[in-house]
Amino acid sequence: TSDQRDALSDVRLLMSAGAPVPAALLAAVAEVLPNASLHTPYGMTEVLPVTDVSFDEITEAGAGEGVCVGRPLPGVEVAVEPLAYPHSDTSLVVAPGVMGEICVRAAHVKDRYDSLWATEHTASRHPGWHATGDVGHLDDEGRLWVEGRAAHVVSAADALVTPVAIEQRLESLDAVAAAAVVGVGPPGAQVVVAVVVPEGSPDAPVRSRAGRRGAMGLDVAPHDLTEDVRAAAGTALAAVLRSDRLPLDIRHASKVDRIEVARQATRTLAGRGGS
């Protein structure tokens, strides 16, 4: 109603955190909140916030390899531990364009994990820094781009492949409502597989509720859709599968559970079904 729109026009600031927010969704929100500054800060329980970025800055940055989450806030340092394949350089770098695990140093970083000794050892392997478990890179303007979780990086025979940028390219297709990119096979010899939810799938929402891990109903995507997905991916795909939904991780109910997607894709490609 006009009264509701008038009330929403008084909103001056909107912040969203917890999961990447697609630029198209931010654009839709901007139409409802015409006078609000839209921000999507990046951080985690262990250190929040790390960076901040506005919708205008995201638009200015344009398309890239991952999600642009902006520049580090005052007092925060961000560096990357390269994931060079097959050997990893354990030093931290701030050079632009280097993909690796994102590490953060700031006064508000957590002190330690309680009783999680292995987690503490891994996350604090660089004294004074917190290794986030996210992978990404810094660009020439000092902006951080998140490319996915370290646990979701596909380790192919000749390269490491991060999922987020590929998924974004696939979801830009009119025929694709949602996409997940996963690795199938043993580490070091994995192949890249795309699982797409076609636009207009009957089981909305296309991302299922947290904890729902039933069969995704995977099958091979139709030829025309497969060709479009392969052309948009920007990397070689071993297979394109179709599903009516993507499972979400149980904690956030907003992030695709790529480990579960990979498990079911593996079963499907092996002829054992997705359940």
# chains A, B, ... in the order shown; residues from 1 in each chain; ligands from 1

call {"tool": "residues_around", "arguments": {"residues": "Thr40 (chain A)", "least_positions_apart": "5", "cutoff": "6 Å", "atoms": "only C-alpha atoms", "output": "mmCIF file with C-alpha atoms, in the first residue's frame"}}
result
data_model
loop_
_atom_site.group_PDB
_atom_site.id
_atom_site.type_symbol
_atom_site.label_atom_id
_atom_site.label_comp_id
_atom_site.auth_asym_id
_atom_site.auth_seq_id
_atom_site.Cartn_x
_atom_site.Cartn_y
_atom_site.Cartn_z
ATOM 1 C CA MET A 15 22.512 -4.333 6.846
ATOM 2 C CA SER A 16 22.490 -8.017 5.936
ATOM 3 C CA ALA A 17 24.998 -10.591 7.166
ATOM 4 C CA VAL A 53 30.512 -2.847 1.404
#

call {"tool": "residues_around", "arguments": {"residues": "region 158-170 of chain A", "least_positions_apart": "5", "cutoff": "9 Å", "atoms": "only C-alpha atoms", "output": "PDB file with all heavy atoms, in the first residue's frame"}}
result
ATOM      1  N   PRO A  22      22.868 -11.877  -3.217  1.00  0.00           N
ATOM      2  CA  PRO A  22      23.010 -11.596  -4.655  1.00  0.00           C
ATOM      3  C   PRO A  22      22.705 -10.141  -4.968  1.00  0.00           C
ATOM      4  O   PRO A  22      21.819  -9.516  -4.366  1.00  0.00           O
ATOM      5  CB  PRO A  22      21.967 -12.527  -5.295  1.00  0.00           C
ATOM      6  CG  PRO A  22      21.726 -13.608  -4.277  1.00  0.00           C
ATOM      7  CD  PRO A  22      21.893 -12.938  -2.944  1.00  0.00           C
ATOM      8  N   ALA A  63      31.189  -7.535 -11.951  1.00  0.00           N
ATOM      9  CA  ALA A  63      31.319  -8.986 -11.830  1.00  0.00           C
ATOM     10  C   ALA A  63      32.775  -9.355 -11.570  1.00  0.00           C
ATOM     11  O   ALA A  63      33.698  -8.698 -12.053  1.00  0.00           O
ATOM     12  CB  ALA A  63      30.814  -9.664 -13.099  1.00  0.00           C
ATOM     13  N   GLY A  64      32.968 -10.403 -10.788  1.00  0.00           N
ATOM     14  CA  GLY A  64      34.317 -10.860 -10.480  1.00  0.00           C
ATOM     15  C   GLY A  64      34.282 -12.301 -10.032  1.00  0.00           C
ATOM     16  O   GLY A  64      33.245 -12.963 -10.067  1.00  0.00           O
ATOM     17  N   GLU A  65      35.425 -12.791  -9.594  1.00  0.00           N
ATOM     18  CA  GLU A  65      35.524 -14.178  -9.148  1.00  0.00           C
ATOM     19  C   GLU A  65      35.084 -14.282  -7.696  1.00  0.00           C
ATOM     20  O   GLU A  65      35.899 -14.278  -6.774  1.00  0.00           O
ATOM     21  CB  GLU A  65      36.957 -14.688  -9.319  1.00  0.00           C
ATOM     22  CG  GLU A  65      37.363 -14.891 -10.766  1.00  0.00           C
ATOM     23  CD  GLU A  65      36.497 -15.931 -11.465  1.00  0.00           C
ATOM     24  OE1 GLU A  65      36.346 -17.040 -10.915  1.00  0.00           O
ATOM     25  OE2 GLU A  65      35.975 -15.639 -12.559  1.00  0.00           O
ATOM     26  N   GLY A  66      33.777 -14.340  -7.476  1.00  0.00           N
ATOM     27  CA  GLY A  66      33.249 -14.465  -6.125  1.00  0.00           C
ATOM     28  C   GLY A  66      32.337 -13.316  -5.759  1.00  0.00           C
ATOM     29  O   GLY A  66      31.815 -12.600  -6.625  1.00  0.00           O
ATOM     30  N   VAL A  67      32.164 -13.129  -4.457  1.00  0.00           N
ATOM     31  CA  VAL A  67      31.297 -12.083  -3.921  1.00  0.00           C
ATOM     32  C   VAL A  67      32.169 -10.968  -3.347  1.00  0.00           C
ATOM     33  O   VAL A  67      33.021 -11.219  -2.484  1.00  0.00           O
ATOM     34  CB  VAL A  67      30.380 -12.641  -2.815  1.00  0.00           C
ATOM     35  CG1 VAL A  67      29.554 -11.531  -2.182  1.00  0.00           C
ATOM     36  CG2 VAL A  67      29.470 -13.729  -3.379  1.00  0.00           C
ATOM     37  N   LEU A  83      46.470 -20.995  -1.707  1.00  0.00           N
ATOM     38  CA  LEU A  83      46.169 -22.404  -1.919  1.00  0.00           C
ATOM     39  C   LEU A  83      46.748 -22.816  -3.265  1.00  0.00           C
ATOM     40  O   LEU A  83      46.036 -23.222  -4.181  1.00  0.00           O
ATOM     41  CB  LEU A  83      44.655 -22.648  -1.909  1.00  0.00           C
ATOM     42  CG  LEU A  83      43.913 -22.393  -0.602  1.00  0.00           C
ATOM     43  CD1 LEU A  83      42.439 -22.737  -0.763  1.00  0.00           C
ATOM     44  CD2 LEU A  83      44.501 -23.210   0.535  1.00  0.00           C
ATOM     45  N   ALA A  84      48.062 -22.658  -3.391  1.00  0.00           N
ATOM     46  CA  ALA A  84      48.716 -23.027  -4.640  1.00  0.00           C
ATOM     47  C   ALA A  84      48.699 -24.544  -4.766  1.00  0.00           C
ATOM     48  O   ALA A  84      49.006 -25.263  -3.809  1.00  0.00           O
ATOM     49  CB  ALA A  84      50.150 -22.501  -4.658  1.00  0.00           C
ATOM     50  N   TYR A  85      48.326 -25.020  -5.934  1.00  0.00           N
ATOM     51  CA  TYR A  85      48.188 -26.472  -6.133  1.00  0.00           C
ATOM     52  C   TYR A  85      49.338 -26.994  -6.959  1.00  0.00           C
ATOM     53  O   TYR A  85      49.725 -26.385  -7.944  1.00  0.00           O
ATOM     54  CB  TYR A  85      46.861 -26.773  -6.834  1.00  0.00           C
ATOM     55  CG  TYR A  85      46.527 -28.234  -6.868  1.00  0.00           C
ATOM     56  CD1 TYR A  85      46.014 -28.861  -5.740  1.00  0.00           C
ATOM     57  CD2 TYR A  85      46.738 -28.977  -8.012  1.00  0.00           C
ATOM     58  CE1 TYR A  85      45.713 -30.204  -5.756  1.00  0.00           C
ATOM     59  CE2 TYR A  85      46.440 -30.317  -8.036  1.00  0.00           C
ATOM     60  CZ  TYR A  85      45.927 -30.932  -6.923  1.00  0.00           C
ATOM     61  OH  TYR A  85      45.633 -32.271  -6.931  1.00  0.00           O
ATOM     62  N   PRO A  86      49.965 -28.143  -6.609  1.00  0.00           N
ATOM     63  CA  PRO A  86      49.582 -29.058  -5.517  1.00  0.00           C
ATOM     64  C   PRO A  86      50.240 -28.745  -4.183  1.00  0.00           C
ATOM     65  O   PRO A  86      49.986 -29.422  -3.205  1.00  0.00           O
ATOM     66  CB  PRO A  86      50.080 -30.409  -6.044  1.00  0.00           C
ATOM     67  CG  PRO A  86      51.294 -30.063  -6.831  1.00  0.00           C
ATOM     68  CD  PRO A  86      51.002 -28.722  -7.476  1.00  0.00           C
ATOM     69  N   VAL A 135      37.647 -19.003   1.505  1.00  0.00           N
ATOM     70  CA  VAL A 135      38.680 -18.742   0.510  1.00  0.00           C
ATOM     71  C   VAL A 135      38.265 -17.549  -0.340  1.00  0.00           C
ATOM     72  O   VAL A 135      37.076 -17.280  -0.539  1.00  0.00           O
ATOM     73  CB  VAL A 135      38.941 -19.966  -0.393  1.00  0.00           C
ATOM     74  CG1 VAL A 135      39.544 -21.099   0.413  1.00  0.00           C
ATOM     75  CG2 VAL A 135      37.665 -20.428  -1.086  1.00  0.00           C
ATOM     76  N   GLY A 136      39.282 -16.827  -0.808  1.00  0.00           N
ATOM     77  CA  GLY A 136      38.997 -15.657  -1.621  1.00  0.00           C
ATOM     78  C   GLY A 136      40.278 -14.973  -2.032  1.00  0.00           C
ATOM     79  O   GLY A 136      41.366 -15.547  -1.944  1.00  0.00           O
ATOM     80  N   VAL A 146      35.060 -13.055  -1.707  1.00  0.00           N
ATOM     81  CA  VAL A 146      34.915 -14.391  -1.120  1.00  0.00           C
ATOM     82  C   VAL A 146      34.490 -15.362  -2.209  1.00  0.00           C
ATOM     83  O   VAL A 146      33.507 -15.118  -2.925  1.00  0.00           O
ATOM     84  CB  VAL A 146      33.892 -14.381   0.031  1.00  0.00           C
ATOM     85  CG1 VAL A 146      33.716 -15.785   0.597  1.00  0.00           C
ATOM     86  CG2 VAL A 146      34.352 -13.426   1.135  1.00  0.00           C
ATOM     87  N   GLU A 147      35.210 -16.479  -2.322  1.00  0.00           N
ATOM     88  CA  GLU A 147      34.969 -17.446  -3.390  1.00  0.00           C
ATOM     89  C   GLU A 147      34.368 -18.752  -2.889  1.00  0.00           C
ATOM     90  O   GLU A 147      34.125 -19.660  -3.695  1.00  0.00           O
ATOM     91  CB  GLU A 147      36.268 -17.730  -4.136  1.00  0.00           C
ATOM     92  CG  GLU A 147      36.921 -16.488  -4.744  1.00  0.00           C
ATOM     93  CD  GLU A 147      38.191 -16.807  -5.487  1.00  0.00           C
ATOM     94  OE1 GLU A 147      38.192 -17.750  -6.312  1.00  0.00           O
ATOM     95  OE2 GLU A 147      39.211 -16.122  -5.244  1.00  0.00           O
ATOM     96  N   GLY A 148      34.139 -18.881  -1.587  1.00  0.00           N
ATOM     97  CA  GLY A 148      33.556 -20.109  -1.056  1.00  0.00           C
ATOM     98  C   GLY A 148      34.251 -20.541   0.219  1.00  0.00           C
ATOM     99  O   GLY A 148      35.037 -19.786   0.800  1.00  0.00           O
ATOM    100  N   ARG A 149      33.951 -21.751   0.659  1.00  0.00           N
ATOM    101  CA  ARG A 149      34.585 -22.337   1.834  1.00  0.00           C
ATOM    102  C   ARG A 149      35.759 -23.207   1.404  1.00  0.00           C
ATOM    103  O   ARG A 149      35.726 -23.840   0.343  1.00  0.00           O
ATOM    104  CB  ARG A 149      33.583 -23.185   2.617  1.00  0.00           C
ATOM    105  CG  ARG A 149      32.471 -22.408   3.268  1.00  0.00           C
ATOM    106  CD  ARG A 149      32.947 -21.613   4.461  1.00  0.00           C
ATOM    107  NE  ARG A 149      33.372 -22.471   5.557  1.00  0.00           N
ATOM    108  CZ  ARG A 149      34.036 -22.028   6.648  1.00  0.00           C
ATOM    109  NH1 ARG A 149      34.359 -20.736   6.740  1.00  0.00           N
ATOM    110  NH2 ARG A 149      34.369 -22.859   7.611  1.00  0.00           N
ATOM    111  N   ALA A 150      36.778 -23.255   2.244  1.00  0.00           N
ATOM    112  CA  ALA A 150      37.935 -24.085   1.920  1.00  0.00           C
ATOM    113  C   ALA A 150      37.530 -25.543   1.741  1.00  0.00           C
ATOM    114  O   ALA A 150      38.072 -26.263   0.889  1.00  0.00           O
ATOM    115  CB  ALA A 150      38.990 -23.953   3.023  1.00  0.00           C
ATOM    116  N   HIS A 152      34.985 -26.636   0.403  1.00  0.00           N
ATOM    117  CA  HIS A 152      34.221 -26.827  -0.827  1.00  0.00           C
ATOM    118  C   HIS A 152      35.055 -26.617  -2.077  1.00  0.00           C
ATOM    119  O   HIS A 152      34.515 -26.721  -3.195  1.00  0.00           O
ATOM    120  CB  HIS A 152      33.022 -25.881  -0.858  1.00  0.00           C
ATOM    121  CG  HIS A 152      32.080 -26.068   0.296  1.00  0.00           C
ATOM    122  ND1 HIS A 152      31.197 -25.088   0.711  1.00  0.00           N
ATOM    123  CD2 HIS A 152      31.889 -27.118   1.128  1.00  0.00           C
ATOM    124  CE1 HIS A 152      30.510 -25.532   1.749  1.00  0.00           C
ATOM    125  NE2 HIS A 152      30.906 -26.749   2.029  1.00  0.00           N
ATOM    126  N   VAL A 153      36.343 -26.323  -1.921  1.00  0.00           N
ATOM    127  CA  VAL A 153      37.205 -26.133  -3.090  1.00  0.00           C
ATOM    128  C   VAL A 153      37.367 -27.470  -3.808  1.00  0.00           C
ATOM    129  O   VAL A 153      37.633 -28.499  -3.185  1.00  0.00           O
ATOM    130  CB  VAL A 153      38.580 -25.572  -2.672  1.00  0.00           C
ATOM    131  CG1 VAL A 153      39.519 -25.518  -3.873  1.00  0.00           C
ATOM    132  CG2 VAL A 153      38.420 -24.185  -2.071  1.00  0.00           C
ATOM    133  N   VAL A 176      17.985 -20.882 -15.171  1.00  0.00           N
ATOM    134  CA  VAL A 176      18.501 -21.452 -13.928  1.00  0.00           C
ATOM    135  C   VAL A 176      18.055 -20.608 -12.736  1.00  0.00           C
ATOM    136  O   VAL A 176      18.341 -19.410 -12.669  1.00  0.00           O
ATOM    137  CB  VAL A 176      20.038 -21.550 -13.952  1.00  0.00           C
ATOM    138  CG1 VAL A 176      20.580 -22.029 -12.610  1.00  0.00           C
ATOM    139  CG2 VAL A 176      20.481 -22.493 -15.068  1.00  0.00           C
ATOM    140  N   ALA A 177      17.365 -21.257 -11.793  1.00  0.00           N
ATOM    141  CA  ALA A 177      16.927 -20.558 -10.586  1.00  0.00           C
ATOM    142  C   ALA A 177      17.989 -20.603  -9.502  1.00  0.00           C
ATOM    143  O   ALA A 177      18.114 -19.673  -8.706  1.00  0.00           O
ATOM    144  CB  ALA A 177      15.636 -21.182 -10.062  1.00  0.00           C
ATOM    145  N   ALA A 178      18.742 -21.674  -9.431  1.00  0.00           N
ATOM    146  CA  ALA A 178      19.788 -21.820  -8.415  1.00  0.00           C
ATOM    147  C   ALA A 178      20.790 -22.855  -8.911  1.00  0.00           C
ATOM    148  O   ALA A 178      20.463 -23.706  -9.747  1.00  0.00           O
ATOM    149  CB  ALA A 178      19.195 -22.255  -7.072  1.00  0.00           C
ATOM    150  N   ALA A 179      22.014 -22.776  -8.380  1.00  0.00           N
ATOM    151  CA  ALA A 179      23.063 -23.685  -8.830  1.00  0.00           C
ATOM    152  C   ALA A 179      24.027 -23.983  -7.701  1.00  0.00           C
ATOM    153  O   ALA A 179      24.243 -23.157  -6.806  1.00  0.00           O
ATOM    154  CB  ALA A 179      23.827 -23.091 -10.019  1.00  0.00           C
ATOM    155  N   ALA A 180      24.609 -25.169  -7.749  1.00  0.00           N
ATOM    156  CA  ALA A 180      25.678 -25.556  -6.827  1.00  0.00           C
ATOM    157  C   ALA A 180      26.766 -26.241  -7.645  1.00  0.00           C
ATOM    158  O   ALA A 180      26.470 -27.068  -8.521  1.00  0.00           O
ATOM    159  CB  ALA A 180      25.158 -26.502  -5.746  1.00  0.00           C
ATOM    160  N   VAL A 181      28.009 -25.892  -7.361  1.00  0.00           N
ATOM    161  CA  VAL A 181      29.148 -26.480  -8.059  1.00  0.00           C
ATOM    162  C   VAL A 181      29.974 -27.259  -7.042  1.00  0.00           C
ATOM    163  O   VAL A 181      30.362 -26.715  -5.999  1.00  0.00           O
ATOM    164  CB  VAL A 181      30.008 -25.390  -8.733  1.00  0.00           C
ATOM    165  CG1 VAL A 181      31.310 -25.970  -9.265  1.00  0.00           C
ATOM    166  CG2 VAL A 181      29.219 -24.737  -9.862  1.00  0.00           C
ATOM    167  N   VAL A 182      30.211 -28.539  -7.336  1.00  0.00           N
ATOM    168  CA  VAL A 182      30.890 -29.420  -6.386  1.00  0.00           C
ATOM    169  C   VAL A 182      31.924 -30.271  -7.109  1.00  0.00           C
ATOM    170  O   VAL A 182      31.937 -30.362  -8.338  1.00  0.00           O
ATOM    171  CB  VAL A 182      29.878 -30.341  -5.667  1.00  0.00           C
ATOM    172  CG1 VAL A 182      28.879 -29.519  -4.866  1.00  0.00           C
ATOM    173  CG2 VAL A 182      29.148 -31.242  -6.670  1.00  0.00           C
ATOM    174  N   GLY A 183      32.776 -30.920  -6.305  1.00  0.00           N
ATOM    175  CA  GLY A 183      33.759 -31.850  -6.828  1.00  0.00           C
ATOM    176  C   GLY A 183      33.327 -33.282  -6.579  1.00  0.00           C
ATOM    177  O   GLY A 183      32.837 -33.605  -5.504  1.00  0.00           O
ATOM    178  N   GLY A 188      42.395 -34.381  -5.358  1.00  0.00           N
ATOM    179  CA  GLY A 188      43.533 -34.371  -6.256  1.00  0.00           C
ATOM    180  C   GLY A 188      43.194 -34.875  -7.644  1.00  0.00           C
ATOM    181  O   GLY A 188      43.963 -34.690  -8.586  1.00  0.00           O
ATOM    182  N   ALA A 189      42.049 -35.516  -7.771  1.00  0.00           N
ATOM    183  CA  ALA A 189      41.606 -36.011  -9.078  1.00  0.00           C
ATOM    184  C   ALA A 189      40.114 -35.800  -9.247  1.00  0.00           C
ATOM    185  O   ALA A 189      39.445 -36.569  -9.945  1.00  0.00           O
ATOM    186  CB  ALA A 189      41.964 -37.479  -9.237  1.00  0.00           C
ATOM    187  N   VAL A 192      34.668 -31.392 -11.900  1.00  0.00           N
ATOM    188  CA  VAL A 192      33.710 -30.352 -11.527  1.00  0.00           C
ATOM    189  C   VAL A 192      32.325 -30.730 -12.060  1.00  0.00           C
ATOM    190  O   VAL A 192      32.170 -31.022 -13.254  1.00  0.00           O
ATOM    191  CB  VAL A 192      34.133 -28.988 -12.085  1.00  0.00           C
ATOM    192  CG1 VAL A 192      33.171 -27.890 -11.601  1.00  0.00           C
ATOM    193  CG2 VAL A 192      35.562 -28.660 -11.657  1.00  0.00           C
ATOM    194  N   ALA A 194      28.165 -29.527 -11.986  1.00  0.00           N
ATOM    195  CA  ALA A 194      27.182 -28.487 -11.679  1.00  0.00           C
ATOM    196  C   ALA A 194      25.821 -29.133 -11.463  1.00  0.00           C
ATOM    197  O   ALA A 194      25.396 -29.984 -12.247  1.00  0.00           O
ATOM    198  CB  ALA A 194      27.109 -27.467 -12.803  1.00  0.00           C
ATOM    199  N   VAL A 196      21.943 -27.901 -11.075  1.00  0.00           N
ATOM    200  CA  VAL A 196      21.122 -26.707 -11.288  1.00  0.00           C
ATOM    201  C   VAL A 196      19.656 -27.003 -10.994  1.00  0.00           C
ATOM    202  O   VAL A 196      19.180 -28.129 -11.190  1.00  0.00           O
ATOM    203  CB  VAL A 196      21.264 -26.164 -12.732  1.00  0.00           C
ATOM    204  CG1 VAL A 196      22.700 -25.763 -13.008  1.00  0.00           C
ATOM    205  CG2 VAL A 196      20.798 -27.194 -13.752  1.00  0.00           C
ATOM    206  N   ASP A 228      23.779 -24.742 -22.387  1.00  0.00           N
ATOM    207  CA  ASP A 228      23.791 -23.369 -21.879  1.00  0.00           C
ATOM    208  C   ASP A 228      24.642 -23.259 -20.613  1.00  0.00           C
ATOM    209  O   ASP A 228      25.397 -22.289 -20.440  1.00  0.00           O
ATOM    210  CB  ASP A 228      22.364 -22.906 -21.583  1.00  0.00           C
ATOM    211  CG  ASP A 228      21.530 -22.705 -22.844  1.00  0.00           C
ATOM    212  OD1 ASP A 228      22.126 -22.598 -23.936  1.00  0.00           O
ATOM    213  OD2 ASP A 228      20.295 -22.657 -22.727  1.00  0.00           O
ATOM    214  N   VAL A 229      24.513 -24.239 -19.721  1.00  0.00           N
ATOM    215  CA  VAL A 229      25.271 -24.227 -18.474  1.00  0.00           C
ATOM    216  C   VAL A 229      26.761 -24.372 -18.763  1.00  0.00           C
ATOM    217  O   VAL A 229      27.592 -23.651 -18.196  1.00  0.00           O
ATOM    218  CB  VAL A 229      24.773 -25.352 -17.546  1.00  0.00           C
ATOM    219  CG1 VAL A 229      25.749 -25.576 -16.390  1.00  0.00           C
ATOM    220  CG2 VAL A 229      23.385 -25.015 -17.007  1.00  0.00           C
ATOM    221  N   ARG A 230      27.122 -25.265 -19.638  1.00  0.00           N
ATOM    222  CA  ARG A 230      28.539 -25.448 -19.979  1.00  0.00           C
ATOM    223  C   ARG A 230      29.122 -24.166 -20.588  1.00  0.00           C
ATOM    224  O   ARG A 230      30.258 -23.788 -20.286  1.00  0.00           O
ATOM    225  CB  ARG A 230      28.700 -26.604 -20.960  1.00  0.00           C
ATOM    226  CG  ARG A 230      28.452 -27.985 -20.363  1.00  0.00           C
ATOM    227  CD  ARG A 230      28.810 -29.075 -21.371  1.00  0.00           C
ATOM    228  NE  ARG A 230      28.440 -30.398 -20.908  1.00  0.00           N
ATOM    229  CZ  ARG A 230      29.167 -31.125 -20.056  1.00  0.00           C
ATOM    230  NH1 ARG A 230      30.306 -30.628 -19.582  1.00  0.00           N
ATOM    231  NH2 ARG A 230      28.768 -32.333 -19.687  1.00  0.00           N
ATOM    232  N   ALA A 232      28.197 -21.118 -20.027  1.00  0.00           N
ATOM    233  CA  ALA A 232      28.260 -20.012 -19.057  1.00  0.00           C
ATOM    234  C   ALA A 232      29.260 -20.262 -17.937  1.00  0.00           C
ATOM    235  O   ALA A 232      29.695 -19.315 -17.283  1.00  0.00           O
ATOM    236  CB  ALA A 232      26.876 -19.777 -18.452  1.00  0.00           C
ATOM    237  N   ALA A 233      29.630 -21.514 -17.710  1.00  0.00           N
ATOM    238  CA  ALA A 233      30.401 -21.871 -16.509  1.00  0.00           C
ATOM    239  C   ALA A 233      31.779 -21.226 -16.466  1.00  0.00           C
ATOM    240  O   ALA A 233      32.272 -20.842 -15.404  1.00  0.00           O
ATOM    241  CB  ALA A 233      30.522 -23.386 -16.405  1.00  0.00           C
ATOM    242  N   GLY A 234      32.445 -21.133 -17.610  1.00  0.00           N
ATOM    243  CA  GLY A 234      33.796 -20.587 -17.610  1.00  0.00           C
ATOM    244  C   GLY A 234      34.855 -21.588 -17.196  1.00  0.00           C
ATOM    245  O   GLY A 234      36.026 -21.229 -17.068  1.00  0.00           O
ATOM    246  N   THR A 235      34.461 -22.815 -16.965  1.00  0.00           N
ATOM    247  CA  THR A 235      35.391 -23.896 -16.651  1.00  0.00           C
ATOM    248  C   THR A 235      34.777 -25.190 -17.139  1.00  0.00           C
ATOM    249  O   THR A 235      33.556 -25.276 -17.336  1.00  0.00           O
ATOM    250  CB  THR A 235      35.673 -23.976 -15.133  1.00  0.00           C
ATOM    251  OG1 THR A 235      36.782 -24.843 -14.896  1.00  0.00           O
ATOM    252  CG2 THR A 235      34.458 -24.500 -14.379  1.00  0.00           C
TER     253      THR A 235
END

call {"tool": "atom_distance", "arguments": {"atom1": "CA of Val80 (chain A)", "atom2": "CA of Leu138 (chain A)"}}
result
8.1 Å

call {"tool": "closest_residue", "arguments": {"among": "A:Asp134, A:Glu46, A:Glu57, A:Asp140", "to": "Asp114 (chain A)", "atoms": "only C-alpha atoms"}}
result
A:Glu46

call {"tool": "residues_around", "arguments": {"residues": "Val109 (chain A)", "least_positions_apart": "2", "cutoff": "9 Å", "atoms": "only C-alpha atoms", "output": "count of residues only"}}
result
12

call {"tool": "atom_distance", "arguments": {"atom1": "CA of Leu33 (chain A)", "atom2": "CA of Gly70 (chain A)"}}
result
21.5 Å

call {"tool": "select_by_dssp", "arguments": {"residues": "region 56-264 of chain A", "states": "strand (DSSP E)", "output": "MDAnalysis selection string"}}
result
chainID A and resid 67:72 77:82 100:105 130:138 144:149 154:155 160:161 176:184 191:198 219:220 239:242

call {"tool": "closest_residue", "arguments": {"among": "A:Arg143, A:His108, A:His252, A:Arg272", "to": "Ala95 (chain A)", "atoms": "only C-alpha atoms"}}
result
A:Arg143

call {"tool": "closest_residue", "arguments": {"among": "A:Val240, A:Leu14, A:Met44, A:Val94", "to": "Val193 (chain A)", "atoms": "only C-alpha atoms"}}
result
A:Val240

call {"tool": "select_by_dssp", "arguments": {"residues": "region 43-260 of chain A", "states": "alpha helix (DSSP H)", "output": "PyMOL selection string"}}
result
chain A and resi 55-61+117-123+164-171+223-233+258-260

call {"tool": "closest_residue", "arguments": {"among": "A:Ser172, A:Thr59, A:Thr119, A:Ser201", "to": "Thr132 (chain A)", "atoms": "only C-alpha atoms"}}
result
A:Thr119

call {"tool": "closest_residue", "arguments": {"among": "A:Leu269, A:Pro198, A:Leu8, A:Ala231", "to": "Arg245 (chain A)", "atoms": "only C-alpha atoms"}}
result
A:Pro198

call {"tool": "atom_distance", "arguments": {"atom1": "CA of Gln190 (chain A)", "atom2": "CA of Gly133 (chain A)"}}
result
20.2 Å

call {"tool": "residues_around", "arguments": {"residues": "region 1-7 of chain A", "least_positions_apart": "3", "cutoff": "10 Å", "atoms": "only C-alpha atoms", "output": "PyMOL selection string"}}
result
chain A and resi 10-11+31-34

call {"tool": "write_last_selection", "arguments": {"atoms": "N, CA, C and O atoms", "output": "short mmCIF file (atom, residue, chain, number, x, y, z; two decimals), in the first residue's frame"}}
result
data_model
loop_
_atom_site.label_atom_id
_atom_site.label_comp_id
_atom_site.auth_asym_id
_atom_site.auth_seq_id
_atom_site.Cartn_x
_atom_site.Cartn_y
_atom_site.Cartn_z
N ASP A 10 11.29 5.88 4.94
CA ASP A 10 11.98 6.51 6.06
C ASP A 10 13.21 5.70 6.50
O ASP A 10 14.02 6.19 7.29
N VAL A 11 13.34 4.47 6.04
CA VAL A 11 14.48 3.63 6.42
C VAL A 11 15.74 4.20 5.78
O VAL A 11 15.78 4.46 4.57
N GLU A 31 14.51 -1.03 -4.43
CA GLU A 31 13.26 -0.48 -4.95
C GLU A 31 12.24 -0.29 -3.83
O GLU A 31 11.42 0.63 -3.86
N VAL A 32 12.28 -1.18 -2.82
CA VAL A 32 11.34 -1.09 -1.71
C VAL A 32 11.81 -0.07 -0.68
O VAL A 32 11.00 0.59 -0.02
N LEU A 33 13.13 0.08 -0.53
CA LEU A 33 13.72 1.03 0.42
C LEU A 33 14.50 2.08 -0.36
O LEU A 33 15.74 2.08 -0.36
N PRO A 34 13.84 2.99 -1.03
CA PRO A 34 14.51 3.89 -1.98
C PRO A 34 15.51 4.84 -1.34
O PRO A 34 16.41 5.33 -2.02
#

call {"tool": "closest_residue", "arguments": {"among": "A:Leu144, A:Arg125, A:Glu227, A:Gly217", "to": "Gly100 (chain A)", "atoms": "only C-alpha atoms"}}
result
A:Leu144
